[in-house]
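The structure under discussion appears below in the form of structure tokens.
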Amino acid sequence: MNIKCKDIDAISSALCYANAMLDTKIELLEKKEFSDAANAYKSKKEELKKAMASLQKIRKELHLKDDYSYDEVFGK
């Protein structure tokens, strides 16, 4: 495997960006009182949370040499 910490970081950044975009979309829909549509996007946010948790499991399992914050996040 040729996986680097920057690969994990790229995926994490994309998930965080998608999460922020969903927050904005949900807020807009709730202001316009489109609760059904907002709820659909909220379920997508739950999927993103699961994806981020899965990514952290992968990160922990790989324990990459170039993951300098590993010990801070997961302990030694």
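If you're wondering about the labels, chains in the structure tokens are A, B, ... by order shown, residues count from 1 in each chain, ligands from 1 in order shown.
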Q. Any idea what's packed within 7 Å of Lys45 (chain A), counting only C-alpha atoms, ignoring anything in its chain fewer than 3 positions away? Could you give it as JSON, numbers by chain?
A. {"A": [19, 22, 41, 42, 48, 49]}
Q: Name the residues of chain A that fall into alpha helix (DSSP H) according to DSSP on the backbone, using the chain letters and numbers of this document, as a VMD selection string.
A: chain A and resid 5 to 31 35 to 62 70 to 74
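Distance check against Glu27 (chain A) using only C-alpha atoms: of A:Ile3, A:Lys50, A:Asn39, A:Lys57, the minimum falls on A:Asn39.
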(Q) Measuring between only C-alpha atoms, which one of A:Ala38, A:Met1, A:Val73, A:Leu64 shows the shortest distance to Asp23 (chain A)? (A)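 Nearest candidate to Asp23 (chain A) out of A:Ala38, A:Met1, A:Val73, A:Leu64: A:Ala38.
The interatomic distance for the pair CA of Phe34 (chain A) and CA of Met21 (chain A) works out to 16.9 Å.
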Show which residues sit within 9 Å of region 6-15 of chain A, as a short mmCIF file (atom, residue, chain, number, x, y, z; two decimals) with N, CA and C atoms, in the first residue's frame. Count only C-alpha atoms, and ignore same-chain residues fewer than 2 positions away.
data_model
loop_
_atom_site.label_atom_id
_atom_site.label_comp_id
_atom_site.auth_asym_id
_atom_site.auth_seq_id
_atom_site.Cartn_x
_atom_site.Cartn_y
_atom_site.Cartn_z
N ILE A 3 -0.34 4.41 0.84
CA ILE A 3 -1.25 5.41 1.40
C ILE A 3 -0.46 6.31 2.32
N LYS A 4 -0.64 7.59 2.13
CA LYS A 4 0.03 8.60 2.96
C LYS A 4 -1.01 9.34 3.79
N TYR A 17 -15.97 19.65 4.08
CA TYR A 17 -16.54 20.61 3.14
C TYR A 17 -17.99 20.23 2.82
N ALA A 18 -18.22 18.96 2.56
CA ALA A 18 -19.58 18.50 2.26
C ALA A 18 -20.50 18.73 3.46
N ASN A 19 -19.98 18.51 4.65
CA ASN A 19 -20.77 18.73 5.86
C ASN A 19 -21.17 20.21 5.99
N ALA A 20 -20.22 21.10 5.74
CA ALA A 20 -20.51 22.53 5.81
C ALA A 20 -21.53 22.94 4.75
N LEU A 48 -22.68 11.31 6.37
CA LEU A 48 -21.36 11.93 6.44
C LEU A 48 -20.69 11.67 7.79
N LYS A 49 -21.46 11.71 8.86
CA LYS A 49 -20.90 11.41 10.18
C LYS A 49 -20.35 9.99 10.23
N ALA A 51 -19.36 8.27 7.64
CA ALA A 51 -18.18 8.24 6.77
C ALA A 51 -16.95 8.77 7.49
N MET A 52 -17.12 9.85 8.25
CA MET A 52 -15.99 10.42 8.99
C MET A 52 -15.52 9.44 10.08
N LEU A 55 -13.59 6.76 8.40
CA LEU A 55 -12.27 7.25 8.01
C LEU A 55 -11.32 7.27 9.20
N GLN A 56 -11.83 7.66 10.37
CA GLN A 56 -11.00 7.66 11.57
C GLN A 56 -10.59 6.24 11.96
N ILE A 58 -10.09 3.80 9.84
CA ILE A 58 -9.04 3.46 8.87
C ILE A 58 -7.73 4.12 9.28
N ARG A 59 -7.81 5.38 9.65
CA ARG A 59 -6.62 6.12 10.07
C ARG A 59 -5.96 5.44 11.28
N ASP A 66 3.68 9.04 8.61
CA ASP A 66 3.67 10.49 8.46
C ASP A 66 2.45 11.16 9.11
N ASP A 67 1.71 10.42 9.93
CA ASP A 67 0.56 10.97 10.64
C ASP A 67 1.05 11.49 12.00
#
